[in-house]
>>> print(open('target-v1.txt').read())   # compact mmCIF, C-alpha atoms
# COMPACT_ATOMS: atom_id res chain seq x y z
CA MET J 1 0.00 0.00 0.00
CA PRO J 2 1.51 3.35 -0.99
CA GLY J 3 2.08 5.80 1.86
CA HIS J 4 0.72 9.28 2.15
CA ARG J 5 2.84 11.85 0.39
CA ARG J 6 2.42 15.28 -1.00
CA PRO J 7 1.60 15.07 -4.72
CA GLY J 8 4.36 16.77 -6.67
CA ARG J 9 4.76 18.14 -10.12
CA LEU J 10 5.35 15.52 -12.73
CA ALA J 11 8.77 15.50 -14.31
CA THR J 12 7.41 14.09 -17.52
CA ARG J 13 7.90 16.53 -20.36
CA ARG J 14 5.01 18.08 -22.17
CA ARG J 15 4.27 16.70 -25.57
CA ALA J 16 1.54 17.89 -27.94
CA THR J 17 -0.67 14.98 -28.82
CA ALA J 18 -2.20 15.63 -32.21
CA GLY J 19 -0.30 18.47 -33.75
CA THR J 20 -0.17 18.77 -37.46
CA THR J 21 -0.27 21.50 -40.04
CA ALA J 22 -2.99 19.52 -41.79
CA LEU J 23 -5.18 19.61 -38.69
CA LEU J 24 -4.53 23.29 -38.09
CA THR J 25 -5.27 24.12 -41.71
CA LEU J 26 -8.58 22.33 -41.45
CA LEU J 27 -9.32 24.00 -38.13
CA ALA J 28 -8.58 27.40 -39.60
CA LEU J 29 -11.14 26.77 -42.31
CA VAL J 30 -13.75 25.42 -39.92
CA LEU J 31 -13.26 28.02 -37.23
CA ALA J 32 -13.12 31.02 -39.53
CA GLY J 33 -15.81 33.40 -38.40
CA CYS J 34 -16.45 31.43 -35.20
CA SER J 35 -15.31 34.17 -32.87
CA SER J 36 -18.20 35.57 -30.95
CA SER J 37 -19.61 38.96 -31.75
CA GLY J 38 -21.32 39.12 -28.38
CA SER J 39 -20.21 41.18 -25.43
CA ASP J 40 -18.25 39.73 -22.53
CA THR J 41 -20.34 41.71 -20.08
CA ALA J 42 -23.97 41.51 -19.14
CA GLY J 43 -24.83 45.10 -18.41
CA ASP J 44 -26.03 45.64 -14.85
CA GLY J 45 -26.61 41.98 -13.99
CA PRO J 46 -24.31 38.98 -13.68
CA VAL J 47 -23.07 37.17 -16.75
CA ARG J 48 -25.15 34.03 -17.28
CA LEU J 49 -23.49 30.90 -18.66
CA THR J 50 -24.99 27.66 -19.86
CA PHE J 51 -23.26 24.39 -18.98
CA TRP J 52 -23.97 20.90 -20.33
CA SER J 53 -22.47 17.80 -18.75
CA ALA J 54 -23.13 14.12 -18.18
CA LEU J 55 -20.77 14.02 -15.20
CA ARG J 56 -22.39 13.06 -11.92
CA GLY J 57 -22.21 15.79 -9.31
CA SER J 58 -22.29 18.61 -11.85
CA GLN J 59 -25.46 20.10 -10.40
CA GLU J 60 -23.88 20.23 -6.94
CA VAL J 61 -20.77 21.87 -8.39
CA VAL J 62 -22.86 24.50 -10.17
CA ASP J 63 -24.87 25.15 -7.02
CA GLU J 64 -21.66 25.78 -5.08
CA PHE J 65 -20.32 28.09 -7.77
CA ASN J 66 -23.54 30.09 -7.90
CA ARG J 67 -23.58 30.32 -4.11
CA THR J 68 -20.05 31.75 -3.96
CA HIS J 69 -19.96 33.94 -7.09
CA THR J 70 -21.98 37.07 -7.80
CA LYS J 71 -20.69 38.30 -11.17
CA ILE J 72 -21.21 35.00 -13.00
CA LYS J 73 -24.17 32.65 -12.74
CA VAL J 74 -24.42 29.24 -14.38
CA ASP J 75 -27.49 27.45 -15.71
CA PHE J 76 -26.86 23.70 -15.79
CA GLN J 77 -28.38 21.01 -17.98
CA GLN J 78 -27.70 17.33 -17.41
CA VAL J 79 -27.21 15.55 -20.74
CA PRO J 80 -26.88 11.84 -21.54
CA SER J 81 -23.44 10.31 -21.60
CA GLY J 82 -21.80 10.45 -25.01
CA GLU J 83 -22.68 7.02 -26.33
CA GLN J 84 -26.27 7.53 -25.15
CA GLY J 85 -26.80 10.69 -27.15
CA GLY J 86 -24.79 13.44 -25.50
CA TRP J 87 -22.28 13.73 -28.34
CA ALA J 88 -25.05 13.97 -30.94
CA LYS J 89 -26.89 16.59 -28.88
CA LEU J 90 -23.78 18.77 -28.66
CA SER J 91 -22.95 18.33 -32.35
CA ASN J 92 -26.47 19.25 -33.40
CA ALA J 93 -26.48 22.31 -31.16
CA ALA J 94 -23.13 23.46 -32.56
CA ARG J 95 -24.38 23.08 -36.13
CA ALA J 96 -27.40 25.18 -35.22
CA GLY J 97 -25.17 27.81 -33.59
CA ASN J 98 -26.62 27.44 -30.13
CA SER J 99 -24.25 25.21 -28.21
CA PRO J 100 -23.79 25.95 -24.49
CA ASP J 101 -21.01 28.17 -23.18
CA VAL J 102 -19.31 25.20 -21.49
CA ALA J 103 -19.58 21.50 -22.29
CA THR J 104 -17.96 18.26 -21.21
CA ILE J 105 -16.24 15.98 -23.71
CA GLU J 106 -14.13 12.84 -23.26
CA TYR J 107 -10.51 12.73 -24.41
CA PRO J 108 -10.96 10.33 -27.37
CA GLN J 109 -13.72 12.47 -28.87
CA LEU J 110 -12.00 15.84 -28.50
CA PRO J 111 -10.04 15.74 -31.81
CA SER J 112 -13.25 14.99 -33.72
CA PHE J 113 -15.16 17.85 -32.08
CA THR J 114 -12.18 20.15 -32.62
CA ILE J 115 -12.07 19.39 -36.33
CA ASP J 116 -15.82 20.05 -36.45
CA GLY J 117 -15.21 23.46 -34.89
CA VAL J 118 -17.18 22.94 -31.68
CA PRO J 119 -14.61 24.03 -29.05
CA ARG J 120 -12.92 27.40 -29.03
CA ASP J 121 -9.12 27.73 -29.10
CA ILE J 122 -8.45 28.58 -25.46
CA THR J 123 -4.66 28.80 -25.64
CA LYS J 124 -4.65 32.47 -24.62
CA LEU J 125 -7.75 32.20 -22.41
CA LEU J 126 -6.33 29.49 -20.14
CA PRO J 127 -4.61 31.27 -17.24
CA ASP J 128 -1.00 30.30 -16.62
CA SER J 129 -1.91 29.85 -12.96
CA THR J 130 -4.36 27.11 -13.98
CA ARG J 131 -2.11 25.59 -16.62
CA ARG J 132 0.76 25.16 -14.17
CA LYS J 133 -1.42 23.18 -11.74
CA ILE J 134 -2.52 20.54 -14.27
CA LEU J 135 -0.67 17.31 -14.96
CA PRO J 136 1.29 17.75 -18.20
CA GLN J 137 0.08 14.40 -19.58
CA ALA J 138 -3.53 15.54 -19.26
CA LEU J 139 -2.92 18.82 -21.07
CA ASP J 140 -1.05 16.90 -23.77
CA LEU J 141 -4.32 15.16 -24.64
CA THR J 142 -6.14 18.47 -25.15
CA THR J 143 -3.39 20.35 -26.97
CA PHE J 144 -2.83 20.08 -30.71
CA ASN J 145 0.40 21.53 -32.08
CA GLY J 146 0.64 23.96 -29.20
CA ARG J 147 -3.01 25.05 -29.32
CA THR J 148 -5.24 24.05 -26.40
CA TYR J 149 -8.92 23.27 -26.99
CA ALA J 150 -10.15 21.95 -23.63
CA VAL J 151 -9.22 21.86 -19.95
CA PRO J 152 -8.87 18.37 -18.43
CA VAL J 153 -10.80 17.70 -15.23
CA ASP J 154 -9.70 14.13 -14.48
CA ILE J 155 -7.22 11.64 -15.88
CA GLU J 156 -7.63 7.93 -15.22
CA PRO J 157 -4.46 5.81 -15.04
CA MET J 158 -5.05 2.11 -15.62
CA VAL J 159 -4.98 -0.06 -12.48
CA PHE J 160 -5.84 -3.64 -11.53
CA LEU J 161 -8.73 -4.21 -9.14
CA TYR J 162 -8.67 -7.74 -7.71
CA ARG J 163 -10.30 -10.01 -5.14
CA LYS J 164 -7.52 -10.16 -2.57
CA ASP J 165 -9.34 -12.84 -0.55
CA ILE J 166 -9.42 -15.24 -3.49
CA PHE J 167 -5.83 -14.48 -4.47
CA THR J 168 -4.70 -15.06 -0.88
CA GLU J 169 -6.79 -18.19 -0.36
CA ASN J 170 -5.31 -19.82 -3.46
CA HIS J 171 -1.75 -18.56 -2.90
CA ILE J 172 -1.80 -16.67 -6.18
CA PRO J 173 0.59 -13.70 -6.36
CA VAL J 174 -0.75 -10.35 -7.52
CA PRO J 175 0.85 -10.00 -10.97
CA LYS J 176 3.41 -7.28 -11.53
CA THR J 177 4.04 -8.14 -15.18
CA TRP J 178 1.85 -9.36 -18.01
CA ALA J 179 3.76 -12.66 -17.99
CA GLU J 180 2.86 -13.04 -14.32
CA PHE J 181 -0.73 -12.07 -15.12
CA GLU J 182 -0.98 -15.00 -17.53
CA ASP J 183 0.66 -17.33 -14.99
CA SER J 184 -1.76 -16.17 -12.28
CA ALA J 185 -4.67 -16.71 -14.67
CA ARG J 186 -3.60 -20.33 -15.14
CA LYS J 187 -3.20 -20.91 -11.41
CA LEU J 188 -6.63 -19.43 -10.71
CA LYS J 189 -8.35 -21.57 -13.32
CA LYS J 190 -6.71 -24.68 -11.87
CA ALA J 191 -7.62 -23.77 -8.29
CA GLN J 192 -11.16 -22.56 -9.08
CA PRO J 193 -12.23 -23.94 -12.46
CA ARG J 194 -15.28 -21.64 -12.67
CA SER J 195 -13.31 -18.45 -11.96
CA ARG J 196 -11.33 -16.24 -14.34
CA ILE J 197 -8.78 -13.52 -13.59
CA ALA J 198 -10.46 -10.79 -15.69
CA SER J 199 -12.72 -10.15 -18.65
CA LEU J 200 -12.02 -9.38 -22.28
CA PHE J 201 -14.81 -7.04 -23.32
CA THR J 202 -16.62 -7.47 -26.62
CA THR J 203 -18.49 -4.17 -26.34
CA GLY J 204 -16.48 -1.06 -25.56
CA GLY J 205 -13.45 -3.29 -25.98
CA THR J 206 -11.70 -1.24 -28.64
CA LEU J 207 -10.91 1.56 -26.19
CA TYR J 208 -9.61 -1.04 -23.72
CA MET J 209 -7.41 -2.51 -26.46
CA ALA J 210 -6.23 1.03 -27.19
CA SER J 211 -5.18 1.39 -23.54
CA TYR J 212 -3.31 -1.91 -23.59
CA ALA J 213 -1.60 -1.00 -26.87
CA TRP J 214 -0.75 2.51 -25.61
CA GLN J 215 0.97 1.04 -22.57
CA ALA J 216 2.97 -1.32 -24.81
CA GLY J 217 4.26 1.59 -26.89
CA ALA J 218 1.81 1.57 -29.80
CA GLN J 219 0.90 4.73 -31.65
CA TRP J 220 -2.32 4.22 -33.57
CA TYR J 221 -2.34 7.80 -34.85
CA ASP J 222 0.51 10.11 -35.75
CA THR J 223 1.10 13.08 -38.03
CA ALA J 224 3.96 14.16 -40.27
CA ASP J 225 4.33 16.35 -43.35
CA ASP J 226 0.68 17.47 -43.33
CA THR J 227 -0.49 13.84 -43.26
CA TRP J 228 -2.28 11.71 -40.69
CA ARG J 229 -0.85 8.23 -40.30
CA ILE J 230 -3.05 5.49 -38.86
CA ASN J 231 -1.44 2.21 -37.83
CA MET J 232 -3.49 -0.17 -35.67
CA ASP J 233 -1.22 -3.01 -36.79
CA ASP J 234 2.15 -1.88 -35.44
CA ALA J 235 4.46 -4.20 -33.52
CA PRO J 236 3.28 -3.24 -30.00
CA THR J 237 -0.37 -3.68 -31.06
CA ARG J 238 0.38 -7.08 -32.57
CA LYS J 239 2.06 -8.11 -29.32
CA VAL J 240 -0.92 -6.99 -27.25
CA ALA J 241 -3.47 -8.56 -29.63
CA GLY J 242 -1.56 -11.84 -29.67
CA TYR J 243 -1.35 -11.86 -25.88
CA TRP J 244 -5.09 -11.36 -25.34
CA GLN J 245 -5.92 -13.75 -28.18
CA ARG J 246 -3.95 -16.47 -26.39
CA LEU J 247 -5.72 -15.78 -23.10
CA MET J 248 -9.06 -15.95 -24.88
CA ASP J 249 -8.24 -19.10 -26.89
CA GLU J 250 -7.06 -20.92 -23.77
CA ASP J 251 -10.10 -19.83 -21.76
CA LEU J 252 -8.01 -17.92 -19.24
CA VAL J 253 -10.21 -14.81 -19.33
CA ARG J 254 -13.94 -14.38 -19.50
CA VAL J 255 -15.23 -13.00 -22.80
CA GLU J 256 -18.34 -10.88 -22.34
CA PRO J 257 -19.87 -7.46 -23.04
CA GLY J 258 -18.44 -4.61 -20.98
CA SER J 259 -20.64 -3.07 -18.26
CA SER J 260 -23.20 -5.83 -18.81
CA GLN J 261 -25.38 -7.49 -16.20
CA GLN J 262 -23.61 -10.79 -16.73
CA TRP J 263 -20.22 -9.16 -16.18
CA ARG J 264 -21.38 -7.59 -12.91
CA ALA J 265 -22.93 -10.89 -11.83
CA HIS J 266 -19.60 -12.64 -12.37
CA LEU J 267 -17.84 -9.97 -10.28
CA ARG J 268 -20.33 -10.40 -7.45
CA SER J 269 -20.13 -14.19 -7.46
CA GLY J 270 -16.34 -14.36 -7.57
CA GLU J 271 -16.37 -16.04 -10.98
CA THR J 272 -14.44 -13.00 -12.24
CA VAL J 273 -11.82 -11.93 -9.72
CA GLY J 274 -10.16 -8.97 -11.44
CA TYR J 275 -10.93 -5.82 -13.38
CA LEU J 276 -8.45 -3.80 -15.47
CA ALA J 277 -9.73 -0.24 -15.77
CA GLY J 278 -9.08 3.42 -15.07
CA ALA J 279 -8.93 4.81 -11.54
CA TRP J 280 -12.59 5.82 -11.79
CA ALA J 281 -13.57 2.13 -11.60
CA ALA J 282 -12.73 1.95 -7.90
CA GLY J 283 -15.75 4.08 -7.04
CA SER J 284 -17.92 2.30 -9.57
CA MET J 285 -17.06 -1.05 -7.99
CA MET J 286 -18.12 0.22 -4.57
CA ALA J 287 -21.49 1.30 -5.94
CA SER J 288 -22.24 -1.74 -8.11
CA THR J 289 -20.82 -4.50 -5.87
CA PRO J 290 -21.43 -3.35 -2.28
CA ASP J 291 -21.15 -6.87 -0.85
CA GLY J 292 -17.53 -6.95 -2.00
CA LYS J 293 -16.48 -4.63 0.84
CA GLY J 294 -13.24 -5.82 2.40
CA LYS J 295 -12.67 -8.34 -0.39
CA TRP J 296 -11.25 -6.08 -3.08
CA ALA J 297 -7.91 -4.31 -3.35
CA ILE J 298 -6.16 -2.32 -6.07
CA ALA J 299 -2.72 -2.88 -7.56
CA PRO J 300 -0.68 -1.18 -10.28
CA VAL J 301 -1.42 -2.35 -13.80
CA PRO J 302 0.94 -5.19 -14.90
CA GLN J 303 3.99 -4.08 -16.88
CA TRP J 304 5.67 -5.40 -20.01
CA ASP J 305 9.07 -4.22 -18.79
CA PRO J 306 9.25 -3.48 -15.05
CA ALA J 307 12.55 -1.67 -15.59
CA LYS J 308 10.76 0.81 -17.84
CA PRO J 309 7.26 1.09 -16.40
CA LYS J 310 4.58 2.75 -18.49
CA VAL J 311 0.92 3.40 -17.82
CA SER J 312 -1.92 4.37 -20.12
CA THR J 313 -5.30 5.85 -19.31
CA GLN J 314 -8.85 4.57 -19.58
CA GLY J 315 -11.54 7.20 -19.27
CA GLY J 316 -11.47 10.83 -18.27
CA SER J 317 -13.19 14.07 -19.28
CA THR J 318 -12.47 17.65 -20.24
CA PHE J 319 -14.30 20.99 -20.25
CA MET J 320 -14.49 23.08 -23.41
CA VAL J 321 -15.52 26.66 -24.08
CA THR J 322 -17.60 26.39 -27.22
CA LYS J 323 -17.35 28.55 -30.32
CA ASP J 324 -20.86 29.85 -29.64
CA SER J 325 -20.12 31.29 -26.22
CA ASP J 326 -20.63 35.06 -25.96
CA HIS J 327 -18.73 35.05 -22.66
CA PRO J 328 -15.51 33.05 -23.17
CA LYS J 329 -13.57 34.79 -20.40
CA GLU J 330 -16.27 34.12 -17.84
CA ALA J 331 -16.64 30.56 -19.15
CA MET J 332 -12.92 30.02 -18.59
CA GLU J 333 -13.19 31.46 -15.08
CA PHE J 334 -15.93 28.94 -14.33
CA ILE J 335 -13.90 26.05 -15.81
CA SER J 336 -10.74 27.04 -13.93
CA TRP J 337 -12.71 27.07 -10.69
CA MET J 338 -14.24 23.63 -11.40
CA VAL J 339 -10.84 22.11 -12.17
CA THR J 340 -8.69 23.68 -9.45
CA SER J 341 -10.94 24.60 -6.51
CA PRO J 342 -11.10 22.31 -3.47
CA ASP J 343 -14.66 23.56 -2.95
CA ALA J 344 -15.63 22.36 -6.42
CA LEU J 345 -14.19 18.90 -5.79
CA ARG J 346 -15.86 18.67 -2.39
CA ALA J 347 -19.20 19.63 -3.95
CA LYS J 348 -18.79 16.96 -6.60
CA LEU J 349 -17.87 14.28 -4.06
CA ALA J 350 -20.83 15.25 -1.88
CA SER J 351 -23.12 13.90 -4.61
CA GLY J 352 -21.83 10.34 -4.25
CA VAL J 353 -18.78 8.12 -4.28
CA SER J 354 -16.24 8.95 -6.96
CA SER J 355 -12.65 7.80 -7.39
CA ALA J 356 -12.02 9.87 -10.53
CA PHE J 357 -8.44 11.10 -10.30
CA PRO J 358 -8.16 14.92 -10.45
CA VAL J 359 -5.69 16.42 -12.92
CA VAL J 360 -4.52 18.88 -10.26
CA PRO J 361 -2.17 17.05 -7.87
CA ASP J 362 -2.84 19.58 -5.10
CA LEU J 363 -6.43 18.27 -4.95
CA VAL J 364 -5.42 14.69 -4.19
CA PRO J 365 -5.50 15.28 -0.39
CA VAL J 366 -9.06 16.59 -0.77
CA ALA J 367 -10.13 13.48 -2.69
CA ARG J 368 -8.37 11.25 -0.17
CA LYS J 369 -10.09 12.94 2.79
CA GLU J 370 -13.56 12.91 1.25
CA MET J 371 -13.58 9.24 0.24
CA ASP J 372 -14.20 6.40 2.66
CA THR J 373 -11.86 3.63 1.48
CA SER J 374 -13.00 0.99 3.97
CA TYR J 375 -14.31 -0.95 0.95
CA TYR J 376 -10.64 -1.45 0.09
CA SER J 377 -9.68 -2.08 3.73
CA GLY J 378 -8.43 1.49 4.12
CA GLN J 379 -5.97 1.25 1.22
CA ASP J 380 -4.58 4.62 0.12
CA ILE J 381 -5.97 4.27 -3.37
CA PHE J 382 -5.38 7.92 -4.30
CA GLY J 383 -1.73 7.54 -3.37
CA LEU J 384 -1.57 4.58 -5.75
CA PHE J 385 -3.36 6.54 -8.48
CA GLN J 386 -0.89 9.39 -8.04
CA GLN J 387 2.06 7.03 -8.47
CA GLN J 388 0.52 5.52 -11.59
CA ALA J 389 -0.36 8.93 -13.05
CA GLU J 390 3.31 9.85 -12.94
CA LEU J 391 4.00 6.90 -15.29
CA ILE J 392 1.47 7.81 -17.99
CA SER J 393 3.26 7.68 -21.32
CA PRO J 394 2.91 11.00 -23.19
CA THR J 395 3.22 9.48 -26.68
CA TRP J 396 -0.42 8.66 -27.43
CA LYS J 397 -2.67 10.48 -29.90
CA TRP J 398 -6.38 9.98 -30.36
CA GLY J 399 -7.62 10.03 -33.93
CA PRO J 400 -9.99 12.42 -35.71
CA ARG J 401 -12.93 9.98 -35.78
CA MET J 402 -12.66 7.64 -32.80
CA VAL J 403 -16.41 6.90 -32.73
CA SER J 404 -16.13 5.29 -36.15
CA THR J 405 -12.97 3.46 -35.15
CA THR J 406 -14.39 2.08 -31.92
CA THR J 407 -17.72 1.08 -33.48
CA SER J 408 -15.96 -0.93 -36.18
CA GLY J 409 -13.50 -2.39 -33.69
CA ASP J 410 -16.24 -3.47 -31.29
CA ASP J 411 -18.05 -5.26 -34.11
CA GLY J 412 -14.90 -7.22 -34.85
CA LEU J 413 -14.22 -7.99 -31.19
CA ALA J 414 -17.75 -9.33 -30.78
CA LYS J 415 -17.13 -11.70 -33.70
CA ALA J 416 -13.75 -12.71 -32.28
CA GLY J 417 -15.46 -13.48 -28.99
CA VAL J 418 -17.55 -16.19 -30.65
CA GLY J 419 -14.68 -17.58 -32.70
CA SER J 420 -15.33 -15.74 -35.95
CA GLY J 421 -12.10 -13.89 -36.63
CA ASP J 422 -9.57 -12.71 -34.09
CA ILE J 423 -8.53 -9.62 -32.16
CA LEU J 424 -5.87 -8.42 -34.59
CA LYS J 425 -8.26 -8.81 -37.52
CA ALA J 426 -10.84 -6.75 -35.61
CA LEU J 427 -8.32 -3.92 -35.19
CA ARG J 428 -7.18 -4.12 -38.81
CA ASP J 429 -10.79 -4.00 -40.00
CA ALA J 430 -11.42 -1.00 -37.73
CA GLN J 431 -8.51 0.80 -39.37
CA ASN J 432 -9.75 0.01 -42.87
CA LYS J 433 -13.29 1.13 -42.09
CA THR J 434 -12.05 4.37 -40.50
CA MET J 435 -10.08 5.45 -43.57
CA PRO J 436 -13.08 6.69 -45.61
CA ASP J 437 -14.25 8.84 -42.70
CA LEU J 438 -10.83 10.45 -42.38
CA LYS J 439 -10.56 11.12 -46.09
CA SER J 440 -14.06 12.61 -46.13
CA LEU J 441 -12.73 15.30 -43.79
CA GLY J 442 -10.29 16.38 -46.47
CA LEU J 443 -7.35 15.01 -44.52
CA SER J 444 -4.33 13.47 -46.16
CA VAL J 445 -4.15 9.97 -44.69
CA THR J 446 -1.74 7.09 -44.94
CA THR J 447 -1.35 3.73 -43.20
CA GLY J 448 1.60 1.90 -41.68
>>> encode(input="target-v1.txt", output="structure tokens")
Amino acid sequence: MPGHRRPGRLATRRRATAGTTALLTLLALVLAGCSSSGSDTAGDGPVRLTFWSALRGSQEVVDEFNRTHTKIKVDFQQVPSGEQGGWAKLSNAARAGNSPDVATIEYPQLPSFTIDGVPRDITKLLPDSTRRKILPQALDLTTFNGRTYAVPVDIEPMVFLYRKDIFTENHIPVPKTWAEFEDSARKLKKAQPRSRIASLFTTGGTLYMASYAWQAGAQWYDTADDTWRINMDDAPTRKVAGYWQRLMDEDLVRVEPGSSQQWRAHLRSGETVGYLAGAWAAGSMMASTPDGKGKWAIAPVPQWDPAKPKVSTQGGSTFMVTKDSDHPKEAMEFISWMVTSPDALRAKLASGVSSAFPVVPDLVPVARKEMDTSYYSGQDIFGLFQQQAELISPTWKWGPRMVSTTTSGDDGLAKAGVGSGDILKALRDAQNKTMPDLKSLGLSVTTG
């Protein structure tokens, strides 16, 4: 269990994640004329902002902001999560010219919304005082060629949640490497034939495979010489796909839809004894599997090379100031408060259990104090998350149309799960089916 320590600045260097002249050229065309003609003041009354988010606790955060601020007031609207219609709602509003002042968007979807001209370039709006507080890896994922388009609110390093009672009872070591993970999977199956060490998801699985590939050093998207390069078949991805294919073929992992009732039932019964996910999953486990209290613990994600540890992320959200906002400065003031204020985090956590890892290290003590970790036997889970966040590799880039990529990939993974095709073929097919969407944007695209 990691000890309490003061979260420090990360030494990892900043690295822009999707910079390219081609992207900026397209953005310049899309964003031309998007600057607001409205005033940044509201006459005699306070400036009123509109805010859309699917994040739980947003209403409580807005209530606290409105209670403590007189010159800016925020009207909040809860929207569905992205895959349930939130992305479409925001896109439609932006096309109609009436998107909210502030909106939430997940990291993988930000490049697509940026190309479509939904967020405003906030490079000059983002205060240096706020920028300096945020983990560099998080800002990397919202910054394209030096231009920032959203402010991260949380970043979710991958971790391994596991049933410590079952591991201990069967004398199975908690795996520190992926080789040990496979060995532990075999030992578990032998000791408890009905149990499996974790699940390979057939829905939502493409983003999980992206996280595994990211950790292994893959780079599905890159840019050079005004051209996007997509390569979901590079050597690290082939290694990861082959690894999980072997676990699936040898029945060492459970193959099932992600976030499904059957998956949760297997977690509750002990037939699935582990869960690889972002830090946010710790809180989700507490809510969905309350009878697991005292049985679960959290460990670092297994490594390919322990001498050179790397971590990827799974999940996380950002706040954007939209192109339609008539009050961008006030919108940025509201966002900066939400991201950096202890009061904002306390208001969010008052709405329910959340283990989402804040992008501002100085807020970690607040999160630690507000969360009852007796479910994990008092483990300092935020200390662990902090350690893992420091290892996030800053080399990853999300592509311009990840919805298309993940939809195609999930279709292939579902087929692989029933023996029709395999994991690598699913990723290759996802790449091939994404190409037309990228070219339709006017982007120069190549593979390999």
>>> axis_aligned_box(input="target-v1.txt", around="stretch 362-372 of chain J", padding_each_side="4 Å", output="JSON")
{"center_x": -8.5, "center_y": 13.0, "center_z": -1.2, "size_x": 19.4, "size_y": 21.2, "size_z": 15.9}
>>> closest_residue(input="target-v1.txt", among="J:Ala367, J:Ser195, J:Asp362, J:Phe167", to="J:Ala347", atoms="all atoms listed in the file")
J:Ala367
>>> closest_residue(input="target-v1.txt", among="J:Lys71, J:Arg56, J:Arg147, J:Lys176", to="J:Ala307", atoms="all atoms listed in the file")
J:Lys176
>>> atom_distance(input="target-v1.txt", atom1="atom CA of J:Gly283", atom2="atom CA of J:Thr405")
28.3 Å
>>> closest_residue(input="target-v1.txt", among="J:Ala150, J:Val102, J:Ala414, J:Leu49", to="J:Arg131", atoms="all atoms listed in the file")
J:Ala150
>>> atom_distance(input="target-v1.txt", atom1="atom CA of J:Ala430", atom2="atom CA of J:Asn145")
26.1 Å
>>> closest_residue(input="target-v1.txt", among="J:Ser336, J:Gln59, J:Ser444, J:Thr313", to="J:Gln388", atoms="only C-alpha atoms")
J:Thr313
>>> residues_around(input="target-v1.txt", residues="J:Ile155", least_positions_apart="3", cutoff="12 Å", atoms="all atoms listed in the file", output="VMD selection string")
chain J and resid 106 to 107 134 to 142 151 to 152 158 278 to 280 311 to 318 339 355 to 361 385 to 386 388 to 390 392
>>> write_last_selection(input="target-v1.txt", atoms="C-alpha atoms", output="short mmCIF file (atom, residue, chain, number, x, y, z; two decimals), keeping the file's coordinate frame")
data_model
loop_
_atom_site.label_atom_id
_atom_site.label_comp_id
_atom_site.auth_asym_id
_atom_site.auth_seq_id
_atom_site.Cartn_x
_atom_site.Cartn_y
_atom_site.Cartn_z
CA GLU J 106 -14.13 12.84 -23.26
CA TYR J 107 -10.51 12.73 -24.41
CA ILE J 134 -2.52 20.54 -14.27
CA LEU J 135 -0.67 17.31 -14.96
CA PRO J 136 1.29 17.75 -18.20
CA GLN J 137 0.08 14.40 -19.58
CA ALA J 138 -3.53 15.54 -19.26
CA LEU J 139 -2.92 18.82 -21.07
CA ASP J 140 -1.05 16.90 -23.77
CA LEU J 141 -4.32 15.16 -24.64
CA THR J 142 -6.14 18.47 -25.15
CA VAL J 151 -9.22 21.86 -19.95
CA PRO J 152 -8.87 18.37 -18.43
CA MET J 158 -5.05 2.11 -15.62
CA GLY J 278 -9.08 3.42 -15.07
CA ALA J 279 -8.93 4.81 -11.54
CA TRP J 280 -12.59 5.82 -11.79
CA VAL J 311 0.92 3.40 -17.82
CA SER J 312 -1.92 4.37 -20.12
CA THR J 313 -5.30 5.85 -19.31
CA GLN J 314 -8.85 4.57 -19.58
CA GLY J 315 -11.54 7.20 -19.27
CA GLY J 316 -11.47 10.83 -18.27
CA SER J 317 -13.19 14.07 -19.28
CA THR J 318 -12.47 17.65 -20.24
CA VAL J 339 -10.84 22.11 -12.17
CA SER J 355 -12.65 7.80 -7.39
CA ALA J 356 -12.02 9.87 -10.53
CA PHE J 357 -8.44 11.10 -10.30
CA PRO J 358 -8.16 14.92 -10.45
CA VAL J 359 -5.69 16.42 -12.92
CA VAL J 360 -4.52 18.88 -10.26
CA PRO J 361 -2.17 17.05 -7.87
CA PHE J 385 -3.36 6.54 -8.48
CA GLN J 386 -0.89 9.39 -8.04
CA GLN J 388 0.52 5.52 -11.59
CA ALA J 389 -0.36 8.93 -13.05
CA GLU J 390 3.31 9.85 -12.94
CA ILE J 392 1.47 7.81 -17.99
#
>>> atom_distance(input="target-v1.txt", atom1="atom CA of J:Ser91", atom2="atom CA of J:Pro119")
10.6 Å
>>> closest_residue(input="target-v1.txt", among="J:Lys425, J:Arg196, J:Arg48, J:Lys295", to="J:Val255", atoms="only C-alpha atoms")
J:Arg196
>>> closest_residue(input="target-v1.txt", among="J:Tyr221, J:Phe201, J:Phe319, J:Trp296", to="J:Gln262", atoms="all atoms listed in the file")
J:Phe201
>>> decode(input="target-v1.txt", residues="stretch 163-167 of chain J", atoms="N, CA and C atoms", output="PDB file, in the first residue's frame")
ATOM      1  N   ARG J 163      -9.767  -9.407  -6.361  1.00  0.00           N
ATOM      2  CA  ARG J 163     -10.302 -10.009  -5.141  1.00  0.00           C
ATOM      3  C   ARG J 163      -9.138 -10.546  -4.314  1.00  0.00           C
ATOM      4  N   LYS J 164      -8.694  -9.755  -3.350  1.00  0.00           N
ATOM      5  CA  LYS J 164      -7.518 -10.156  -2.573  1.00  0.00           C
ATOM      6  C   LYS J 164      -7.786 -11.414  -1.753  1.00  0.00           C
ATOM      7  N   ASP J 165      -9.042 -11.638  -1.327  1.00  0.00           N
ATOM      8  CA  ASP J 165      -9.337 -12.837  -0.548  1.00  0.00           C
ATOM      9  C   ASP J 165      -9.140 -14.101  -1.371  1.00  0.00           C
ATOM     10  N   ILE J 166      -9.558 -14.064  -2.628  1.00  0.00           N
ATOM     11  CA  ILE J 166      -9.420 -15.243  -3.492  1.00  0.00           C
ATOM     12  C   ILE J 166      -7.962 -15.451  -3.887  1.00  0.00           C
ATOM     13  N   PHE J 167      -7.254 -14.357  -4.165  1.00  0.00           N
ATOM     14  CA  PHE J 167      -5.828 -14.483  -4.470  1.00  0.00           C
ATOM     15  C   PHE J 167      -5.079 -15.080  -3.273  1.00  0.00           C
TER      16      PHE J 167
END
